[in-house]
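Coordinates as given in my_file_13.pdb (PDB, C-alpha atoms):
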```pdb
ATOM      1  CA  MET Q 691      -8.349  -7.961 -16.598  1.00  0.00           C
ATOM      2  CA  GLN Q 692      -7.124  -8.031 -13.007  1.00  0.00           C
ATOM      3  CA  MET Q 693      -9.421  -9.160 -10.236  1.00  0.00           C
ATOM      4  CA  HIS Q 694      -9.560  -5.768  -8.475  1.00  0.00           C
ATOM      5  CA  ALA Q 695     -10.587  -4.143 -11.763  1.00  0.00           C
ATOM      6  CA  LEU Q 696     -13.393  -6.678 -12.189  1.00  0.00           C
ATOM      7  CA  ASN Q 697     -14.556  -6.009  -8.642  1.00  0.00           C
ATOM      8  CA  ARG Q 698     -14.660  -2.263  -9.405  1.00  0.00           C
ATOM      9  CA  VAL Q 699     -16.756  -2.887 -12.509  1.00  0.00           C
ATOM     10  CA  TYR Q 700     -19.140  -5.149 -10.602  1.00  0.00           C
ATOM     11  CA  SER Q 701     -19.532  -2.716  -7.710  1.00  0.00           C
ATOM     12  CA  ALA Q 702     -20.041   0.188 -10.140  1.00  0.00           C
ATOM     13  CA  PHE Q 703     -23.042  -1.572 -11.693  1.00  0.00           C
ATOM     14  CA  LYS Q 704     -24.566  -2.107  -8.229  1.00  0.00           C
ATOM     15  CA  SER Q 705     -24.066   1.516  -7.199  1.00  0.00           C
ATOM     16  CA  PRO Q 706     -26.144   4.609  -7.953  1.00  0.00           C
ATOM     17  CA  PRO Q 707     -25.871   5.924 -11.539  1.00  0.00           C
ATOM     18  CA  HIS Q 708     -23.705   8.902 -10.570  1.00  0.00           C
ATOM     19  CA  ARG Q 709     -20.972   6.562  -9.263  1.00  0.00           C
ATOM     20  CA  TRP Q 710     -21.065   4.581 -12.512  1.00  0.00           C
ATOM     21  CA  LEU Q 711     -20.707   7.782 -14.545  1.00  0.00           C
ATOM     22  CA  THR Q 712     -17.851   9.026 -12.356  1.00  0.00           C
ATOM     23  CA  TRP Q 713     -16.052   5.703 -12.700  1.00  0.00           C
ATOM     24  CA  ARG Q 714     -16.738   5.540 -16.422  1.00  0.00           C
ATOM     25  CA  GLN Q 715     -15.406   9.032 -17.142  1.00  0.00           C
ATOM     26  CA  SER Q 716     -12.181   8.291 -15.316  1.00  0.00           C
ATOM     27  CA  CYS Q 717     -11.148   5.564 -17.804  1.00  0.00           C
ATOM     28  CA  SER Q 718      -9.147   8.186 -19.681  1.00  0.00           C
ATOM     29  CA  GLY Q 719      -7.082   9.060 -16.593  1.00  0.00           C
ATOM     30  CA  LEU Q 720      -3.974   7.124 -15.618  1.00  0.00           C
ATOM     31  CA  PHE Q 721      -2.099   6.847 -12.337  1.00  0.00           C
ATOM     32  CA  VAL Q 722       1.670   6.626 -12.915  1.00  0.00           C
ATOM     33  CA  GLY Q 723       3.690   5.239 -10.004  1.00  0.00           C
ATOM     34  CA  GLY Q 724       7.356   4.539  -9.474  1.00  0.00           C
ATOM     35  CA  LEU Q 725       8.493   7.854 -10.909  1.00  0.00           C
ATOM     36  CA  SER Q 726      11.994   9.099 -10.328  1.00  0.00           C
ATOM     37  CA  TYR Q 727      12.063  11.962  -7.854  1.00  0.00           C
ATOM     38  CA  ASP Q 728      13.674  14.000 -10.639  1.00  0.00           C
ATOM     39  CA  THR Q 729      10.826  13.450 -13.135  1.00  0.00           C
ATOM     40  CA  ASN Q 730       8.873  16.646 -13.726  1.00  0.00           C
ATOM     41  CA  GLU Q 731       5.564  17.278 -15.489  1.00  0.00           C
ATOM     42  CA  SER Q 732       7.071  18.156 -18.875  1.00  0.00           C
ATOM     43  CA  VAL Q 733       9.068  14.883 -18.952  1.00  0.00           C
ATOM     44  CA  LEU Q 734       5.974  12.906 -17.960  1.00  0.00           C
ATOM     45  CA  LYS Q 735       3.828  14.613 -20.588  1.00  0.00           C
ATOM     46  CA  GLY Q 736       6.477  14.091 -23.271  1.00  0.00           C
ATOM     47  CA  ALA Q 737       6.668  10.375 -22.512  1.00  0.00           C
ATOM     48  CA  PHE Q 738       2.901   9.896 -22.791  1.00  0.00           C
ATOM     49  CA  GLU Q 739       2.029  12.258 -25.696  1.00  0.00           C
ATOM     50  CA  GLU Q 740       2.923   9.725 -28.376  1.00  0.00           C
ATOM     51  CA  TYR Q 741      -0.092   7.568 -27.424  1.00  0.00           C
ATOM     52  CA  GLY Q 742      -2.750  10.237 -27.886  1.00  0.00           C
ATOM     53  CA  GLU Q 743      -3.882  13.735 -27.003  1.00  0.00           C
ATOM     54  CA  VAL Q 744      -3.060  14.523 -23.376  1.00  0.00           C
ATOM     55  CA  ILE Q 745      -5.662  16.840 -21.852  1.00  0.00           C
ATOM     56  CA  GLU Q 746      -5.714  18.724 -18.591  1.00  0.00           C
ATOM     57  CA  ALA Q 747      -2.457  19.319 -16.809  1.00  0.00           C
ATOM     58  CA  VAL Q 748      -0.200  16.337 -16.357  1.00  0.00           C
ATOM     59  CA  LYS Q 749       0.437  16.292 -12.632  1.00  0.00           C
ATOM     60  CA  VAL Q 750       3.413  15.027 -10.633  1.00  0.00           C
ATOM     61  CA  ILE Q 751       2.401  14.968  -6.983  1.00  0.00           C
ATOM     62  CA  CYS Q 752       4.800  16.803  -4.665  1.00  0.00           C
ATOM     63  CA  ASP Q 753       5.192  16.972  -0.908  1.00  0.00           C
ATOM     64  CA  ARG Q 754       3.569  20.121   0.500  1.00  0.00           C
ATOM     65  CA  VAL Q 755       6.429  20.919   2.864  1.00  0.00           C
ATOM     66  CA  SER Q 756       9.568  20.033   0.902  1.00  0.00           C
ATOM     67  CA  GLY Q 757       8.171  20.516  -2.604  1.00  0.00           C
ATOM     68  CA  LYS Q 758       9.900  17.313  -3.762  1.00  0.00           C
ATOM     69  CA  SER Q 759       8.154  14.711  -5.894  1.00  0.00           C
ATOM     70  CA  ARG Q 760       6.383  11.906  -4.054  1.00  0.00           C
ATOM     71  CA  GLY Q 761       7.137   9.491  -6.912  1.00  0.00           C
ATOM     72  CA  TYR Q 762       3.747   9.367  -8.622  1.00  0.00           C
ATOM     73  CA  GLY Q 763       1.559  11.404 -10.907  1.00  0.00           C
ATOM     74  CA  PHE Q 764      -1.464  11.478 -13.196  1.00  0.00           C
ATOM     75  CA  VAL Q 765      -1.957  11.729 -16.966  1.00  0.00           C
ATOM     76  CA  HIS Q 766      -5.357  12.385 -18.580  1.00  0.00           C
ATOM     77  CA  TYR Q 767      -6.157  11.592 -22.214  1.00  0.00           C
ATOM     78  CA  SER Q 768      -8.910  12.856 -24.459  1.00  0.00           C
ATOM     79  CA  SER Q 769     -10.049   9.282 -25.163  1.00  0.00           C
ATOM     80  CA  GLU Q 770     -10.249   5.935 -23.416  1.00  0.00           C
ATOM     81  CA  MET Q 771      -8.546   4.307 -26.407  1.00  0.00           C
ATOM     82  CA  ALA Q 772      -5.442   6.483 -26.016  1.00  0.00           C
ATOM     83  CA  ALA Q 773      -5.319   5.820 -22.257  1.00  0.00           C
ATOM     84  CA  ASN Q 774      -5.665   2.084 -22.841  1.00  0.00           C
ATOM     85  CA  LYS Q 775      -2.869   2.095 -25.416  1.00  0.00           C
ATOM     86  CA  ALA Q 776      -0.574   4.095 -23.110  1.00  0.00           C
ATOM     87  CA  LEU Q 777      -1.304   1.764 -20.210  1.00  0.00           C
ATOM     88  CA  LYS Q 778      -0.399  -1.305 -22.270  1.00  0.00           C
ATOM     89  CA  GLU Q 779       2.717   0.224 -23.829  1.00  0.00           C
ATOM     90  CA  MET Q 780       4.160   2.158 -20.874  1.00  0.00           C
ATOM     91  CA  ASP Q 781       3.474  -0.145 -17.913  1.00  0.00           C
ATOM     92  CA  GLY Q 782       6.821  -1.506 -16.705  1.00  0.00           C
ATOM     93  CA  ARG Q 783       8.862   0.739 -19.013  1.00  0.00           C
ATOM     94  CA  LEU Q 784      11.912   2.699 -17.969  1.00  0.00           C
ATOM     95  CA  LEU Q 785      11.401   6.459 -17.479  1.00  0.00           C
ATOM     96  CA  ASP Q 786      14.205   8.601 -16.042  1.00  0.00           C
ATOM     97  CA  GLY Q 787      16.002   5.468 -14.856  1.00  0.00           C
ATOM     98  CA  ARG Q 788      13.017   3.913 -13.029  1.00  0.00           C
ATOM     99  CA  ASN Q 789      10.497   1.248 -14.048  1.00  0.00           C
ATOM    100  CA  ILE Q 790       7.084   2.867 -13.851  1.00  0.00           C
ATOM    101  CA  HIS Q 791       3.779   1.145 -13.209  1.00  0.00           C
ATOM    102  CA  ILE Q 792       0.461   2.385 -14.505  1.00  0.00           C
ATOM    103  CA  HIS Q 793      -3.163   1.854 -13.489  1.00  0.00           C
ATOM    104  CA  TYR Q 794      -6.422   3.546 -14.373  1.00  0.00           C
ATOM    105  CA  ALA Q 795      -7.003   6.475 -12.044  1.00  0.00           C
ATOM    106  CA  TYR Q 796     -10.361   6.988 -10.406  1.00  0.00           C
ATOM    107  CA  ARG Q 797     -11.759   9.350  -7.844  1.00  0.00           C
ATOM    108  CA  ARG Q 798     -12.154   7.916  -4.365  1.00  0.00           C
ATOM    109  CA  GLU Q 799     -15.436   8.329  -2.492  1.00  0.00           C
ATOM    110  CA  ARG Q 800     -15.343  11.613  -0.632  1.00  0.00           C
ATOM    111  CA  GLN Q 801     -14.209  11.389   2.963  1.00  0.00           C
ATOM    112  CA  GLY Q 802     -15.275  14.576   4.671  1.00  0.00           C
ATOM    113  CA  SER Q 803     -14.530  17.400   2.230  1.00  0.00           C
ATOM    114  CA  GLN Q 804     -11.479  15.785   0.600  1.00  0.00           C
ATOM    115  CA  GLY Q 805     -11.685  13.725  -2.595  1.00  0.00           C
ATOM    116  CA  LYS Q 806      -8.417  12.384  -3.960  1.00  0.00           C
ATOM    117  CA  ALA Q 807      -7.606  10.511  -7.128  1.00  0.00           C
ATOM    118  CA  THR Q 808      -5.887   7.196  -6.463  1.00  0.00           C
ATOM    119  CA  SER Q 809      -4.433   4.247  -8.273  1.00  0.00           C
ATOM    120  CA  GLY Q 810      -7.110   1.873  -7.048  1.00  0.00           C
ATOM    121  CA  ASN Q 811      -4.738  -0.175  -4.904  1.00  0.00           C
ATOM    122  CA  GLU Q 812      -5.712   1.431  -1.603  1.00  0.00           C
ATOM    123  CA  LYS Q 813      -8.265  -0.270   0.621  1.00  0.00           C
TER     124      LYS Q 813
END
```
For the structure just supplied, provide its representation as structure tokens.
Amino acid sequence: MQMHALNRVYSAFKSPPHRWLTWRQSCSGLFVGGLSYDTNESVLKGAFEEYGEVIEAVKVICDRVSGKSRGYGFVHYSSEMAANKALKEMDGRLLDGRNIHIHYAYRRERQGSQGKATSGNEK
């Protein structure tokens, strides 16, 4: 397990119970970075479906003004086991001509009225 993941686990145990539950529930969500700008949601879903039941809408994040992909997205599974398997199998793989990287997604602490899911690499 990477050091930043261990730090998240440690800080989750020190935090109020609602933060632990929020963090815990997000273990079935994955952040997918390094996407081709041509990758759409159906391609992303198709690539990840073989590892388990994908729930919620698979989301490729697009620029608000241009409508073009920003090169990352999110996939949510019905189980942590499926998400874990997909993370191990798909991290570093080629998708639409680009090597993708995958991390567990989690919801950032709210800043004002905006809460955004992130890859966990932001500080």
If you count all atoms listed in the file, which residues fall within 8 Å of stretch 741-748 of chain Q, apart from same-chain ones fewer than 4 positions away, as an NGL selection string? :Q and (731-732 or 734-735 or 763-769 or 772-773 or 775-776)
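Taking all atoms listed in the file into account, the protein, DNA and RNA residues within 9 Å of (14.2, 3.8, -9.9) read Gly724, Leu725, Ser726, Tyr727, Leu784, Leu785, Asp786, Gly787, Arg788, Asn789 and Ile790 of chain Q.
Going from atom CA of Q:Asp781 over to atom CA of Q:Ser756, you cover 28.3 Å.
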Rank Q:Val733, Q:Gly757, Q:Cys717, Q:Glu739 by their smallest atom-to-atom distance to Q:Tyr796, using all atoms listed in the file, and report the top residue only. Q:Cys717
Just say which residues the PyMOL selection byres ((chain Q and resi 792) around 8) picks in this file, as a list of chain:residue names.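 Applied to this file, the PyMOL selection byres ((chain Q and resi 792) around 8) selects Q:Leu720, Q:Phe721, Q:Val722, Q:Gly723, Q:Leu777, Q:Met780, Q:Asp781, Q:Gly782, Q:Ile790, Q:His791, Q:His793, Q:Tyr794.
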Please measure the separation of atom CA of Q:Gly719 and atom CA of Q:Ser759, giving the value in Å to one decimal. 19.5 Å
Quote the spacing between atom CA of Q:Ala795 and atom CA of Q:Phe738 in Å to one decimal place. 15.0 Å
Taking the file as shown, what set of residues would the PyMOL selection byres ((chain Q and resi 760) around 8) give back, as a ChimeraX atom specification? /Q:727,750-753,758-759,761-762
Generate a file of the selected residues that holds C-alpha atoms, formatted as a compact mmCIF listing (two decimals), keeping the file's coordinate frame.
```txt
# COMPACT_ATOMS: atom_id res chain seq x y z
CA TYR Q 727 12.06 11.96 -7.85
CA VAL Q 750 3.41 15.03 -10.63
CA ILE Q 751 2.40 14.97 -6.98
CA CYS Q 752 4.80 16.80 -4.66
CA ASP Q 753 5.19 16.97 -0.91
CA LYS Q 758 9.90 17.31 -3.76
CA SER Q 759 8.15 14.71 -5.89
CA GLY Q 761 7.14 9.49 -6.91
CA TYR Q 762 3.75 9.37 -8.62
```
